There are 2 protein chains.
Amino acid sequence: MCARAGRGIQVCVELDQLDRAIIRELVEDARATYAEIGQRVGLSAPAVKRRVDRLQEKGAIKGFTVRVDPAALGWTTEAYVELFCRGKTSPADIATAVARNPEVVSACTITGEADALLHIRATDMRHVEQVIERIAAEEFVVRTKSSIVLSRLVDTPLPTS
Amino acid sequence: MCARAGRGIQVCVELDQLDRAIIRELVEDARATYAEIGQRVGLSAPAVKRRVDRLQEKGAIKGFTVRVDPAALGWTTEAYVELFCRGKTSPADIATAVARNPEVVSACTITGEADALLHIRATDMRHVEQVIERIAAEEFVVRTKSSIVLSRLVDTPLPTS
DNA sequence: GCTGAAAGATCACGCAG
DNA sequence: CTGCGTGATCTTTCAGC
């Protein structure tokens with residue numbers, strides 16, 4: 001994933017400072033015009049477009065989307081669920097089981113006592129309960145441990161530095 | 001946040017099916033043209049734009065961004081950290097402390113044994129350790145419990161239903 | 001990086017439920 | 001009275017060079 005740049009400095013997929021500046025701008029406002037972005041980072045509009053296209057081809061930019069307020073769409077309740085699985089459960093098993101539940105917005109295998117951690121968004125507490133029940137019913141799940149989110153303090157897709 | 005609609009049915013900030021369809025399209029590709037979105041949802045381009053503007057004013061749409069591959073930017077390591085705080089620690093205290101660390105991409109107070117759960121993105125394991133140390137050094141933090149992410153299975157901003 | 005042709009955004013206006 | 005569609009105009013994109 002990471003390659004060695006000309007000067008011998010470790011750089012990830014060859015992103016220079018201009019690429020990073022462009023991405024910063026796009027994270028802020030992905031509908032800004034190329035001319036506007038170019039002005040901020042010191043490039044012409046076509047140059048910005050070429051770099052954005054290249055970043056998309058390289059996979060650094062995976063697409064453009066909209067920042068939505070979950071509450072406005074009715075997703076007012078969220079929970080984190082630790083999954084304790086039996087002996088030989090593969091990440092793939094967990095992935096397929098979890099993929100059947102659209103309410104699971106994030107899932108990963110982790111170190112520690114639990115095997116996986118899920119992040120669930122639901123419409124209300126009853127809905128959360130239903131999702132947890134459905135997941136707990138999977139044959140490889142031994143036990144679950146849930147934490148309801150009381151208040152969200154931070155939510156950004158990436159570190160802002 | 002939620003208001004009562006004409007017929008007495010509970011609707012969140014008055015989003016109808018067309019608004020939801022438009023948001024679905026924008027989540028998929030926020031750089032799609034209004035004409036293209038209009039074609040998919042059965043509206044003209046100006047009508048789509050008007051609705052998008054209105055959704056932004058209402059706060060349902062908070063902005064447009066780019067989906068970035070964290071690994072491409074060097075954020076290859078992630079961890080979840082449970083925070084155990086002393087007696088009377090307010091969410092605001094946690095928020096301000098956590099805000100000093102850009103590596104914390106998500107933070108919330110939760111039910112259960114721990115008081116808060118943080119999601120950290122870092123460049124490597126040493127970096128994770130540094131961030132945890134810095135947070136653990138906060139005066140109100142009694143103890144932390146960390147889980148390193150082994151492999152990410154799911155990562156979407158919102159439920160896809 | 002610049003330029004020109006093609007495409008999209010945006011606005012005012014007229015019209016329907 | 002709110003909301004959609006149409007057509008004119010202005011801006012942006014994008015492929016030459």
# chains A, B, ... in the order shown; residues from 1 in each chain; ligands from 1
call {"tool": "calpha_fit_and_write", "arguments": {"fixed": "chain B", "moving": "chain A", "output": "tab-separated table (two decimals) with N, CA and C atoms, in the first residue's frame"}}
result
chain	number	residue	atom	x	y	z
A	1	MET	N	-37.51	18.02	17.30
A	1	MET	CA	-36.85	17.60	16.06
A	1	MET	C	-37.85	16.98	15.09
A	2	CYS	N	-38.79	16.20	15.62
A	2	CYS	CA	-39.77	15.58	14.76
A	2	CYS	C	-41.12	16.27	14.89
A	3	ALA	N	-41.80	16.43	13.76
A	3	ALA	CA	-43.09	17.12	13.78
A	3	ALA	C	-44.17	16.19	13.22
A	4	ARG	N	-45.39	16.60	13.41
A	4	ARG	CA	-46.50	15.78	12.95
A	4	ARG	C	-46.92	16.24	11.56
A	5	ALA	N	-47.03	15.31	10.63
A	5	ALA	CA	-47.39	15.66	9.26
A	5	ALA	C	-48.91	15.72	9.11
A	6	GLY	N	-49.32	16.15	7.94
A	6	GLY	CA	-50.73	16.40	7.67
A	6	GLY	C	-51.65	15.24	8.00
A	7	ARG	N	-51.30	14.06	7.55
A	7	ARG	CA	-52.20	12.91	7.70
A	7	ARG	C	-52.14	12.30	9.09
A	8	GLY	N	-51.32	12.87	9.95
A	8	GLY	CA	-51.23	12.32	11.30
A	8	GLY	C	-50.19	11.24	11.42
A	9	ILE	N	-49.38	11.09	10.38
A	9	ILE	CA	-48.29	10.11	10.45
A	9	ILE	C	-47.03	10.81	10.94
A	10	GLN	N	-46.32	10.16	11.83
A	10	GLN	CA	-45.12	10.76	12.40
A	10	GLN	C	-44.01	10.80	11.36
A	11	VAL	N	-43.59	11.98	10.96
A	11	VAL	CA	-42.53	12.13	9.97
A	11	VAL	C	-41.46	13.05	10.53
A	12	CYS	N	-40.19	12.69	10.34
A	12	CYS	CA	-39.11	13.49	10.89
A	12	CYS	C	-38.82	14.70	10.03
A	13	VAL	N	-38.77	15.86	10.64
A	13	VAL	CA	-38.56	17.15	9.99
A	13	VAL	C	-39.19	17.20	8.59
A	14	GLU	N	-40.35	16.60	8.47
A	14	GLU	CA	-41.15	16.72	7.24
A	14	GLU	C	-40.41	16.27	5.99
A	15	LEU	N	-39.72	15.14	6.05
A	15	LEU	CA	-39.07	14.61	4.86
A	15	LEU	C	-40.02	13.65	4.16
A	16	ASP	N	-40.37	13.97	2.92
A	16	ASP	CA	-41.22	13.03	2.20
A	16	ASP	C	-40.37	12.01	1.44
A	17	GLN	N	-41.04	11.13	0.72
A	17	GLN	CA	-40.33	10.05	0.03
A	17	GLN	C	-39.36	10.59	-1.02
A	18	LEU	N	-39.72	11.72	-1.65
A	18	LEU	CA	-38.86	12.32	-2.67
A	18	LEU	C	-37.58	12.83	-2.04
A	19	ASP	N	-37.70	13.50	-0.90
A	19	ASP	CA	-36.51	13.98	-0.19
A	19	ASP	C	-35.60	12.81	0.15
A	20	ARG	N	-36.18	11.75	0.65
A	20	ARG	CA	-35.39	10.57	1.02
A	20	ARG	C	-34.72	9.96	-0.20
A	21	ALA	N	-35.43	9.93	-1.31
A	21	ALA	CA	-34.86	9.38	-2.54
A	21	ALA	C	-33.68	10.23	-3.00
A	22	ILE	N	-33.85	11.55	-2.91
A	22	ILE	CA	-32.76	12.46	-3.31
A	22	ILE	C	-31.55	12.25	-2.41
A	23	ILE	N	-31.77	12.14	-1.13
A	23	ILE	CA	-30.66	11.92	-0.20
A	23	ILE	C	-29.97	10.60	-0.50
A	24	ARG	N	-30.76	9.57	-0.79
A	24	ARG	CA	-30.17	8.27	-1.15
A	24	ARG	C	-29.24	8.43	-2.34
A	25	GLU	N	-29.71	9.16	-3.34
A	25	GLU	CA	-28.88	9.38	-4.54
A	25	GLU	C	-27.61	10.15	-4.20
A	26	LEU	N	-27.75	11.17	-3.38
A	26	LEU	CA	-26.59	12.00	-3.02
A	26	LEU	C	-25.59	11.23	-2.18
A	27	VAL	N	-26.07	10.34	-1.33
A	27	VAL	CA	-25.16	9.52	-0.54
A	27	VAL	C	-24.33	8.64	-1.47
A	28	GLU	N	-24.98	8.12	-2.50
A	28	GLU	CA	-24.29	7.30	-3.49
A	28	GLU	C	-23.25	8.11	-4.25
A	29	ASP	N	-23.67	9.25	-4.77
A	29	ASP	CA	-22.76	10.09	-5.56
A	29	ASP	C	-23.18	11.55	-5.45
A	30	ALA	N	-22.46	12.27	-4.63
A	30	ALA	CA	-22.81	13.65	-4.35
A	30	ALA	C	-22.42	14.60	-5.48
A	31	ARG	N	-21.72	14.10	-6.48
A	31	ARG	CA	-21.36	14.97	-7.60
A	31	ARG	C	-22.23	14.70	-8.82
A	32	ALA	N	-23.24	13.89	-8.66
A	32	ALA	CA	-24.19	13.68	-9.75
A	32	ALA	C	-24.88	15.01	-10.05
A	33	THR	N	-25.21	15.22	-11.31
A	33	THR	CA	-25.89	16.47	-11.67
A	33	THR	C	-27.34	16.41	-11.20
A	34	TYR	N	-27.93	17.59	-11.02
A	34	TYR	CA	-29.32	17.65	-10.58
A	34	TYR	C	-30.23	16.99	-11.61
A	35	ALA	N	-29.88	17.13	-12.88
A	35	ALA	CA	-30.68	16.51	-13.95
A	35	ALA	C	-30.69	14.99	-13.79
A	36	GLU	N	-29.52	14.44	-13.50
A	36	GLU	CA	-29.39	13.00	-13.35
A	36	GLU	C	-30.20	12.50	-12.15
A	37	ILE	N	-30.05	13.19	-11.04
A	37	ILE	CA	-30.82	12.83	-9.85
A	37	ILE	C	-32.31	12.94	-10.13
A	38	GLY	N	-32.66	14.04	-10.80
A	38	GLY	CA	-34.07	14.26	-11.13
A	38	GLY	C	-34.64	13.12	-11.96
A	39	GLN	N	-33.86	12.65	-12.89
A	39	GLN	CA	-34.31	11.57	-13.74
A	39	GLN	C	-34.60	10.31	-12.92
A	40	ARG	N	-33.72	10.04	-11.95
A	40	ARG	CA	-33.87	8.83	-11.13
A	40	ARG	C	-35.09	8.92	-10.21
A	41	VAL	N	-35.33	10.11	-9.66
A	41	VAL	CA	-36.41	10.22	-8.68
A	41	VAL	C	-37.69	10.77	-9.30
A	42	GLY	N	-37.62	11.13	-10.60
A	42	GLY	CA	-38.82	11.60	-11.27
A	42	GLY	C	-39.14	13.06	-11.01
A	43	LEU	N	-38.11	13.90	-11.18
A	43	LEU	CA	-38.27	15.34	-10.93
A	43	LEU	C	-37.39	16.10	-11.93
A	44	SER	N	-37.69	17.36	-12.13
A	44	SER	CA	-36.83	18.16	-13.01
A	44	SER	C	-35.63	18.65	-12.22
A	45	ALA	N	-34.59	19.04	-12.94
A	45	ALA	CA	-33.36	19.47	-12.28
A	45	ALA	C	-33.58	20.63	-11.31
A	46	PRO	N	-34.29	21.69	-11.69
A	46	PRO	CA	-34.50	22.80	-10.74
A	46	PRO	C	-35.25	22.35	-9.49
A	47	ALA	N	-36.20	21.45	-9.67
A	47	ALA	CA	-36.97	20.96	-8.52
A	47	ALA	C	-36.05	20.24	-7.54
A	48	VAL	N	-35.12	19.46	-8.08
A	48	VAL	CA	-34.17	18.75	-7.22
A	48	VAL	C	-33.31	19.75	-6.47
A	49	LYS	N	-32.81	20.75	-7.20
A	49	LYS	CA	-31.96	21.74	-6.55
A	49	LYS	C	-32.68	22.45	-5.41
A	50	ARG	N	-33.92	22.85	-5.66
A	50	ARG	CA	-34.69	23.54	-4.62
A	50	ARG	C	-34.82	22.66	-3.38
A	51	ARG	N	-35.09	21.36	-3.59
A	51	ARG	CA	-35.23	20.46	-2.45
A	51	ARG	C	-33.91	20.28	-1.72
A	52	VAL	N	-32.82	20.17	-2.47
A	52	VAL	CA	-31.51	20.02	-1.84
A	52	VAL	C	-31.20	21.26	-1.00
A	53	ASP	N	-31.46	22.44	-1.56
A	53	ASP	CA	-31.24	23.68	-0.82
A	53	ASP	C	-32.06	23.70	0.48
A	54	ARG	N	-33.32	23.26	0.34
A	54	ARG	CA	-34.20	23.26	1.51
A	54	ARG	C	-33.70	22.26	2.56
A	55	LEU	N	-33.22	21.11	2.10
A	55	LEU	CA	-32.70	20.09	3.02
A	55	LEU	C	-31.46	20.61	3.74
A	56	GLN	N	-30.67	21.44	3.03
A	56	GLN	CA	-29.49	22.01	3.67
A	56	GLN	C	-29.88	23.03	4.72
A	57	GLU	N	-30.88	23.86	4.38
A	57	GLU	CA	-31.35	24.87	5.34
A	57	GLU	C	-31.92	24.22	6.59
A	58	LYS	N	-32.64	23.11	6.39
A	58	LYS	CA	-33.25	22.41	7.52
A	58	LYS	C	-32.21	21.66	8.34
A	59	GLY	N	-31.02	21.49	7.78
A	59	GLY	CA	-29.97	20.78	8.51
A	59	GLY	C	-29.96	19.28	8.29
A	60	ALA	N	-30.88	18.80	7.47
A	60	ALA	CA	-30.88	17.36	7.18
A	60	ALA	C	-29.62	16.99	6.40
A	61	ILE	N	-29.26	17.86	5.46
A	61	ILE	CA	-27.99	17.73	4.77
A	61	ILE	C	-27.01	18.72	5.38
A	62	LYS	N	-25.93	18.20	5.94
A	62	LYS	CA	-24.99	19.08	6.64
A	62	LYS	C	-23.84	19.52	5.77
A	63	GLY	N	-23.69	18.91	4.60
A	63	GLY	CA	-22.61	19.31	3.71
A	63	GLY	C	-22.24	18.19	2.75
A	64	PHE	N	-21.29	18.50	1.90
A	64	PHE	CA	-20.83	17.51	0.92
A	64	PHE	C	-19.38	17.16	1.19
A	65	THR	N	-19.08	15.90	1.14
A	65	THR	CA	-17.70	15.51	1.37
A	65	THR	C	-17.30	14.33	0.50
A	66	VAL	N	-16.07	13.93	0.68
A	66	VAL	CA	-15.50	12.90	-0.15
A	66	VAL	C	-15.27	11.66	0.72
A	67	ARG	N	-15.52	10.49	0.13
A	67	ARG	CA	-15.22	9.25	0.85
A	67	ARG	C	-13.76	8.92	0.61
A	68	VAL	N	-12.97	8.93	1.66
A	68	VAL	CA	-11.54	8.71	1.52
A	68	VAL	C	-11.17	7.37	2.14
A	69	ASP	N	-10.23	6.69	1.51
A	69	ASP	CA	-9.70	5.46	2.09
A	69	ASP	C	-8.69	5.85	3.17
A	70	PRO	N	-9.00	5.60	4.44
A	70	PRO	CA	-8.09	6.02	5.52
A	70	PRO	C	-6.68	5.48	5.32
A	71	ALA	N	-6.58	4.25	4.85
A	71	ALA	CA	-5.26	3.63	4.67
A	71	ALA	C	-4.43	4.40	3.65
A	72	ALA	N	-5.08	4.93	2.63
A	72	ALA	CA	-4.36	5.67	1.58
A	72	ALA	C	-3.72	6.93	2.16
A	73	LEU	N	-4.30	7.44	3.22
A	73	LEU	CA	-3.76	8.64	3.85
A	73	LEU	C	-2.84	8.30	5.01
A	74	GLY	N	-2.66	7.02	5.25
A	74	GLY	CA	-1.72	6.60	6.28
A	74	GLY	C	-2.35	6.19	7.60
A	75	TRP	N	-3.68	6.30	7.69
A	75	TRP	CA	-4.36	5.90	8.93
A	75	TRP	C	-4.65	4.41	8.88
A	76	THR	N	-3.64	3.60	9.17
A	76	THR	CA	-3.77	2.16	8.99
A	76	THR	C	-4.15	1.42	10.26
A	77	THR	N	-4.07	2.10	11.39
A	77	THR	CA	-4.32	1.43	12.66
A	77	THR	C	-5.47	2.12	13.40
A	78	GLU	N	-6.40	1.32	13.92
A	78	GLU	CA	-7.49	1.92	14.69
A	78	GLU	C	-7.74	1.16	15.98
A	79	ALA	N	-8.29	1.87	16.94
A	79	ALA	CA	-8.56	1.26	18.23
A	79	ALA	C	-9.81	1.87	18.85
A	80	TYR	N	-10.44	1.10	19.72
A	80	TYR	CA	-11.55	1.61	20.52
A	80	TYR	C	-11.08	1.67	21.97
A	81	VAL	N	-11.35	2.77	22.63
A	81	VAL	CA	-10.88	2.96	24.00
A	81	VAL	C	-12.05	3.30	24.91
A	82	GLU	N	-12.27	2.46	25.90
A	82	GLU	CA	-13.29	2.76	26.90
A	82	GLU	C	-12.68	3.65	27.97
A	83	LEU	N	-13.41	4.67	28.36
A	83	LEU	CA	-12.93	5.61	29.37
A	83	LEU	C	-13.72	5.43	30.66
A	84	PHE	N	-12.98	5.24	31.77
A	84	PHE	CA	-13.61	5.18	33.08
A	84	PHE	C	-13.23	6.46	33.81
A	85	CYS	N	-14.22	7.28	34.12
A	85	CYS	CA	-13.93	8.60	34.69
A	85	CYS	C	-14.33	8.66	36.15
A	86	ARG	N	-13.78	9.62	36.86
A	86	ARG	CA	-14.07	9.71	38.29
A	86	ARG	C	-15.42	10.42	38.51
A	87	GLY	N	-15.98	10.12	39.67
A	87	GLY	CA	-17.30	10.57	40.12
A	87	GLY	C	-18.04	11.53	39.24
A	88	LYS	N	-17.81	12.82	39.44
A	88	LYS	CA	-18.61	13.80	38.70
A	88	LYS	C	-17.81	14.40	37.55
A	89	THR	N	-17.76	13.66	36.44
A	89	THR	CA	-17.14	14.17	35.21
A	89	THR	C	-18.25	14.44	34.21
A	90	SER	N	-18.29	15.64	33.67
A	90	SER	CA	-19.35	15.98	32.72
A	90	SER	C	-18.95	15.59	31.31
A	91	PRO	N	-19.93	15.30	30.46
A	91	PRO	CA	-19.65	15.03	29.05
A	91	PRO	C	-18.84	16.15	28.41
A	92	ALA	N	-19.09	17.38	28.84
A	92	ALA	CA	-18.37	18.53	28.28
A	92	ALA	C	-16.87	18.43	28.58
A	93	ASP	N	-16.53	17.99	29.79
A	93	ASP	CA	-15.12	17.81	30.15
A	93	ASP	C	-14.46	16.82	29.21
A	94	ILE	N	-15.15	15.71	29.00
A	94	ILE	CA	-14.61	14.67	28.12
A	94	ILE	C	-14.47	15.23	26.70
A	95	ALA	N	-15.49	15.96	26.27
A	95	ALA	CA	-15.49	16.51	24.91
A	95	ALA	C	-14.29	17.42	24.67
A	96	THR	N	-14.04	18.31	25.61
A	96	THR	CA	-12.94	19.27	25.41
A	96	THR	C	-11.60	18.55	25.45
A	97	ALA	N	-11.47	17.60	26.35
A	97	ALA	CA	-10.21	16.86	26.45
A	97	ALA	C	-9.95	16.08	25.17
A	98	VAL	N	-10.99	15.46	24.68
A	98	VAL	CA	-10.89	14.61	23.50
A	98	VAL	C	-10.65	15.44	22.23
A	99	ALA	N	-11.21	16.63	22.22
A	99	ALA	CA	-11.07	17.51	21.05
A	99	ALA	C	-9.62	17.91	20.82
A	100	ARG	N	-8.80	17.83	21.85
A	100	ARG	CA	-7.39	18.16	21.70
A	100	ARG	C	-6.64	17.09	20.92
A	101	ASN	N	-7.27	15.93	20.73
A	101	ASN	CA	-6.62	14.83	20.01
A	101	ASN	C	-7.32	14.59	18.69
A	102	PRO	N	-6.74	15.05	17.60
A	102	PRO	CA	-7.38	14.87	16.29
A	102	PRO	C	-7.54	13.42	15.90
A	103	GLU	N	-6.75	12.54	16.53
A	103	GLU	CA	-6.84	11.11	16.20
A	103	GLU	C	-8.15	10.49	16.65
A	104	VAL	N	-8.85	11.16	17.58
A	104	VAL	CA	-10.15	10.64	18.03
A	104	VAL	C	-11.21	11.03	17.00
A	105	VAL	N	-11.67	10.06	16.25
A	105	VAL	CA	-12.63	10.35	15.17
A	105	VAL	C	-14.07	10.19	15.64
A	106	SER	N	-14.27	9.57	16.78
A	106	SER	CA	-15.61	9.39	17.31
A	106	SER	C	-15.53	9.26	18.82
A	107	ALA	N	-16.45	9.90	19.50
A	107	ALA	CA	-16.49	9.81	20.96
A	107	ALA	C	-17.92	9.98	21.44
A	108	CYS	N	-18.31	9.20	22.43
A	108	CYS	CA	-19.65	9.35	22.98
A	108	CYS	C	-19.68	8.83	24.41
A	109	THR	N	-20.59	9.35	25.18
A	109	THR	CA	-20.83	8.80	26.51
A	109	THR	C	-21.81	7.65	26.35
A	110	ILE	N	-21.63	6.63	27.18
A	110	ILE	CA	-22.43	5.41	27.02
A	110	ILE	C	-22.92	4.88	28.36
A	111	THR	N	-23.90	4.00	28.28
A	111	THR	CA	-24.35	3.28	29.47
A	111	THR	C	-23.42	2.10	29.71
A	112	GLY	N	-23.46	1.55	30.90
A	112	GLY	CA	-22.63	0.40	31.22
A	112	GLY	C	-21.51	0.80	32.16
A	113	GLU	N	-20.52	-0.07	32.25
A	113	GLU	CA	-19.44	0.17	33.20
A	113	GLU	C	-18.61	1.39	32.83
A	114	ALA	N	-18.23	1.47	31.56
A	114	ALA	CA	-17.42	2.61	31.13
A	114	ALA	C	-18.29	3.86	31.00
A	115	ASP	N	-17.63	5.02	31.05
A	115	ASP	CA	-18.37	6.28	30.91
A	115	ASP	C	-18.41	6.77	29.48
A	116	ALA	N	-17.34	6.49	28.73
A	116	ALA	CA	-17.28	6.95	27.35
A	116	ALA	C	-16.55	5.93	26.48
A	117	LEU	N	-16.84	6.01	25.20
A	117	LEU	CA	-16.17	5.13	24.23
A	117	LEU	C	-15.57	6.00	23.13
A	118	LEU	N	-14.28	5.83	22.89
A	118	LEU	CA	-13.59	6.61	21.86
A	118	LEU	C	-13.18	5.70	20.71
A	119	HIS	N	-13.21	6.24	19.52
A	119	HIS	CA	-12.70	5.53	18.34
A	119	HIS	C	-11.50	6.33	17.84
A	120	ILE	N	-10.35	5.67	17.76
A	120	ILE	CA	-9.10	6.34	17.42
A	120	ILE	C	-8.55	5.81	16.09
A	121	ARG	N	-8.10	6.71	15.25
A	121	ARG	CA	-7.38	6.33	14.04
A	121	ARG	C	-5.96	6.85	14.12
A	122	ALA	N	-5.01	5.98	13.87
A	122	ALA	CA	-3.61	6.38	13.98
A	122	ALA	C	-2.79	5.77	12.85
A	123	THR	N	-1.54	6.19	12.79
A	123	THR	CA	-0.69	5.73	11.69
A	123	THR	C	-0.10	4.35	11.97
A	124	ASP	N	0.17	4.07	13.23
A	124	ASP	CA	0.70	2.76	13.61
A	124	ASP	C	0.43	2.51	15.08
A	125	MET	N	0.89	1.37	15.58
A	125	MET	CA	0.59	1.00	16.96
A	125	MET	C	1.23	1.94	17.97
A	126	ARG	N	2.42	2.38	17.65
A	126	ARG	CA	3.12	3.32	18.54
A	126	ARG	C	2.30	4.60	18.69
A	127	HIS	N	1.73	5.03	17.57
A	127	HIS	CA	0.91	6.24	17.55
A	127	HIS	C	-0.34	6.04	18.42
A	128	VAL	N	-0.98	4.87	18.28
A	128	VAL	CA	-2.15	4.56	19.11
A	128	VAL	C	-1.77	4.68	20.58
A	129	GLU	N	-0.65	4.09	20.91
A	129	GLU	CA	-0.19	4.09	22.31
A	129	GLU	C	-0.02	5.52	22.81
A	130	GLN	N	0.57	6.37	21.99
A	130	GLN	CA	0.79	7.76	22.39
A	130	GLN	C	-0.53	8.47	22.68
A	131	VAL	N	-1.50	8.25	21.80
A	131	VAL	CA	-2.79	8.92	21.98
A	131	VAL	C	-3.46	8.44	23.26
A	132	ILE	N	-3.44	7.12	23.48
A	132	ILE	CA	-4.06	6.57	24.70
A	132	ILE	C	-3.36	7.13	25.94
A	133	GLU	N	-2.05	7.20	25.89
A	133	GLU	CA	-1.30	7.77	27.02
A	133	GLU	C	-1.72	9.20	27.30
A	134	ARG	N	-1.86	9.96	26.24
A	134	ARG	CA	-2.21	11.38	26.39
A	134	ARG	C	-3.60	11.52	27.01
A	135	ILE	N	-4.52	10.65	26.57
A	135	ILE	CA	-5.88	10.73	27.11
A	135	ILE	C	-5.92	10.22	28.54
A	136	ALA	N	-5.18	9.16	28.80
A	136	ALA	CA	-5.15	8.59	30.15
A	136	ALA	C	-4.56	9.57	31.15
A	137	ALA	N	-3.77	10.51	30.64
A	137	ALA	CA	-3.14	11.50	31.52
A	137	ALA	C	-4.10	12.59	31.98
A	138	GLU	N	-5.28	12.65	31.37
A	138	GLU	CA	-6.28	13.65	31.80
A	138	GLU	C	-6.66	13.40	33.26
A	139	GLU	N	-6.80	14.46	33.99
A	139	GLU	CA	-6.99	14.31	35.44
A	139	GLU	C	-8.27	13.57	35.81
A	140	PHE	N	-9.31	13.65	34.95
A	140	PHE	CA	-10.58	13.00	35.30
A	140	PHE	C	-10.63	11.53	34.89
A	141	VAL	N	-9.61	11.07	34.16
A	141	VAL	CA	-9.61	9.68	33.70
A	141	VAL	C	-9.02	8.76	34.78
A	142	VAL	N	-9.82	7.82	35.22
A	142	VAL	CA	-9.38	6.87	36.24
A	142	VAL	C	-8.66	5.70	35.59
A	143	ARG	N	-9.22	5.21	34.48
A	143	ARG	CA	-8.72	4.00	33.85
A	143	ARG	C	-9.18	3.97	32.40
A	144	THR	N	-8.42	3.31	31.55
A	144	THR	CA	-8.86	3.10	30.17
A	144	THR	C	-8.77	1.61	29.84
A	145	LYS	N	-9.56	1.20	28.85
A	145	LYS	CA	-9.53	-0.19	28.40
A	145	LYS	C	-9.58	-0.18	26.88
A	146	SER	N	-8.51	-0.62	26.26
A	146	SER	CA	-8.39	-0.48	24.81
A	146	SER	C	-8.59	-1.79	24.07
A	147	SER	N	-9.17	-1.68	22.90
A	147	SER	CA	-9.27	-2.81	21.99
A	147	SER	C	-8.74	-2.38	20.64
A	148	ILE	N	-7.77	-3.10	20.13
A	148	ILE	CA	-7.22	-2.81	18.81
A	148	ILE	C	-8.11	-3.46	17.76
A	149	VAL	N	-8.35	-2.74	16.68
A	149	VAL	CA	-9.15	-3.30	15.59
A	149	VAL	C	-8.29	-4.25	14.77
A	150	LEU	N	-8.76	-5.47	14.62
A	150	LEU	CA	-8.03	-6.47	13.83
A	150	LEU	C	-8.40	-6.33	12.35
A	151	SER	N	-9.69	-6.43	12.05
A	151	SER	CA	-10.11	-6.23	10.66
A	151	SER	C	-11.49	-5.58	10.64
A	152	ARG	N	-11.63	-4.64	9.73
A	152	ARG	CA	-12.91	-3.94	9.62
A	152	ARG	C	-13.82	-4.73	8.69
A	153	LEU	N	-15.05	-4.97	9.14
A	153	LEU	CA	-15.99	-5.77	8.35
A	153	LEU	C	-17.02	-4.88	7.67
A	154	VAL	N	-17.46	-3.84	8.36
A	154	VAL	CA	-18.49	-2.94	7.84
A	154	VAL	C	-18.12	-1.51	8.19
A	155	ASP	N	-18.38	-0.59	7.31
A	155	ASP	CA	-18.18	0.82	7.62
A	155	ASP	C	-19.02	1.68	6.69
A	156	THR	N	-20.21	2.02	7.14
A	156	THR	CA	-21.09	2.92	6.39
A	156	THR	C	-21.51	4.05	7.32
A	157	PRO	N	-21.75	5.22	6.79
A	157	PRO	CA	-22.12	6.33	7.66
A	157	PRO	C	-23.52	6.15	8.24
A	158	LEU	N	-24.41	5.53	7.45
A	158	LEU	CA	-25.82	5.42	7.86
A	158	LEU	C	-26.38	4.06	7.44
A	159	PRO	N	-27.45	3.64	8.11
A	159	PRO	CA	-28.15	2.43	7.64
A	159	PRO	C	-28.60	2.63	6.20
A	160	THR	N	-28.50	1.60	5.41
A	160	THR	CA	-28.77	1.72	3.98
A	160	THR	C	-30.23	1.44	3.63
A	161	SER	N	-31.08	1.33	4.61
A	161	SER	CA	-32.48	1.08	4.30
A	161	SER	C	-33.22	2.39	4.22
call {"tool": "select_by_dssp", "arguments": {"residues": "range 24-70 of chain B", "states": "alpha helix (DSSP H)", "output": "PyMOL selection string"}}
result
chain B and resi 24-28+34-41+45-58
call {"tool": "write_last_selection", "arguments": {"atoms": "C-alpha atoms", "output": "short mmCIF file (atom, residue, chain, number, x, y, z; two decimals), in the first residue's frame"}}
result
data_model
loop_
_atom_site.label_atom_id
_atom_site.label_comp_id
_atom_site.auth_asym_id
_atom_site.auth_seq_id
_atom_site.Cartn_x
_atom_site.Cartn_y
_atom_site.Cartn_z
CA ARG B 24 -30.19 8.16 -1.16
CA GLU B 25 -28.86 9.23 -4.55
CA LEU B 26 -26.59 11.87 -3.04
CA VAL B 27 -25.17 9.41 -0.52
CA GLU B 28 -24.26 7.17 -3.45
CA TYR B 34 -29.27 17.37 -10.72
CA ALA B 35 -30.65 16.20 -14.05
CA GLU B 36 -29.38 12.67 -13.42
CA ILE B 37 -30.79 12.57 -9.90
CA GLY B 38 -34.03 14.01 -11.22
CA GLN B 39 -34.27 11.28 -13.81
CA ARG B 40 -33.85 8.59 -11.15
CA VAL B 41 -36.37 10.02 -8.72
CA ALA B 45 -33.26 19.25 -12.41
CA PRO B 46 -34.44 22.55 -10.90
CA ALA B 47 -36.92 20.73 -8.69
CA VAL B 48 -34.11 18.55 -7.35
CA LYS B 49 -31.92 21.55 -6.68
CA ARG B 50 -34.70 23.34 -4.84
CA ARG B 51 -35.23 20.31 -2.60
CA VAL B 52 -31.51 19.90 -1.94
CA ASP B 53 -31.26 23.57 -0.95
CA ARG B 54 -34.24 23.17 1.34
CA LEU B 55 -32.75 20.03 2.92
CA GLN B 56 -29.57 21.94 3.60
CA GLU B 57 -31.44 24.82 5.20
CA LYS B 58 -33.35 22.37 7.38
#
call {"tool": "interface_residues", "arguments": {"of": "chain D", "to": "chain A", "cutoff": "9 Å", "atoms": "only C-alpha atoms (C1' of nucleotides)", "output": "PyMOL selection string"}}
result
chain D and resi 12-14
call {"tool": "select_by_dssp", "arguments": {"residues": "range 31-141 of chain B", "states": "strand (DSSP E)", "output": "MDAnalysis selection string"}}
result
chainID B and resid 61:68 77:85 104:110 116:122 141
call {"tool": "interface_residues", "arguments": {"of": "chain C", "to": "chain B", "cutoff": "12 Å", "atoms": "only C-alpha atoms (C1' of nucleotides)", "output": "VMD selection string"}}
result
chain C and resid 7 to 11
call {"tool": "residues_around", "arguments": {"residues": "DG16 in chain D", "least_positions_apart": "2", "cutoff": "12 Å", "atoms": "only C-alpha atoms (C1' of nucleotides)", "output": "VMD selection string"}}
result
(chain C and resid 2 to 5) or (chain D and resid 14)
call {"tool": "write_last_selection", "arguments": {"atoms": "C-alpha atoms (C1' of nucleotides)", "output": "compact mmCIF listing (two decimals), in the first residue's frame"}}
result
# COMPACT_ATOMS: atom_id res chain seq x y z
C1' DC C 2 -4.48 27.91 -21.28
C1' DT C 3 -8.36 27.90 -24.50
C1' DG C 4 -12.70 26.72 -26.66
C1' DA C 5 -16.53 23.66 -27.19
C1' DC D 14 -12.95 18.80 -19.95
